[in-house]
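K.L.:
Structure in structure tokens, see below.
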Amino acid sequence: MWQGMFEPAQLEIWTPATCAEARGLLAQAAVAAAREEEPVRQRVRLFGDGFRQTELWSAFYHGEKSLRSLDELSLRRRPGRVGTL
């Protein structure tokens, strides 16, 4: 679905903490836009709504990475046993 529109390697940059910081900036933009014309408010709202996709993909990607790390740690602690998720 996202082929050609999204580069998964970008998720290394967009950690959940970075996303939270960006969400804060978008909230500040929404406050500032409240004093502007409707097209400005719509644009800020559009970017805020669209950024939710980045937040979700970031949470999924970094959560999956954490699970893989835990699984690898589990395998090292119990030789001969295959970990599953």
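Every chain in the structure tokens takes a letter, A first, then B, and so on in the order presented; its residues are numbered from 1, and the ligands are numbered from 1 following the presented order.
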Using only C-alpha atoms, which residues sit within 12 Å of Ala20 (chain A) once same-chain residues fewer than 4 positions away are excluded, as a list in words?
P.N.:
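Result of the neighbour search: Trp14, Thr15, Pro16, Gly24, Leu25, Leu26, Ala27, Phe51, Arg52, Thr54, Glu55, Leu56, Ser58 and Ala59 of chain A.
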K.L.:
As an exercise, work out the distance from CA of Arg68 (chain A) to CA of Glu21 (chain A) in Å and give it to one decimal place.
P.N.:
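Straight-line distance from CA of Arg68 (chain A) to CA of Glu21 (chain A) works out to 25.7 Å.
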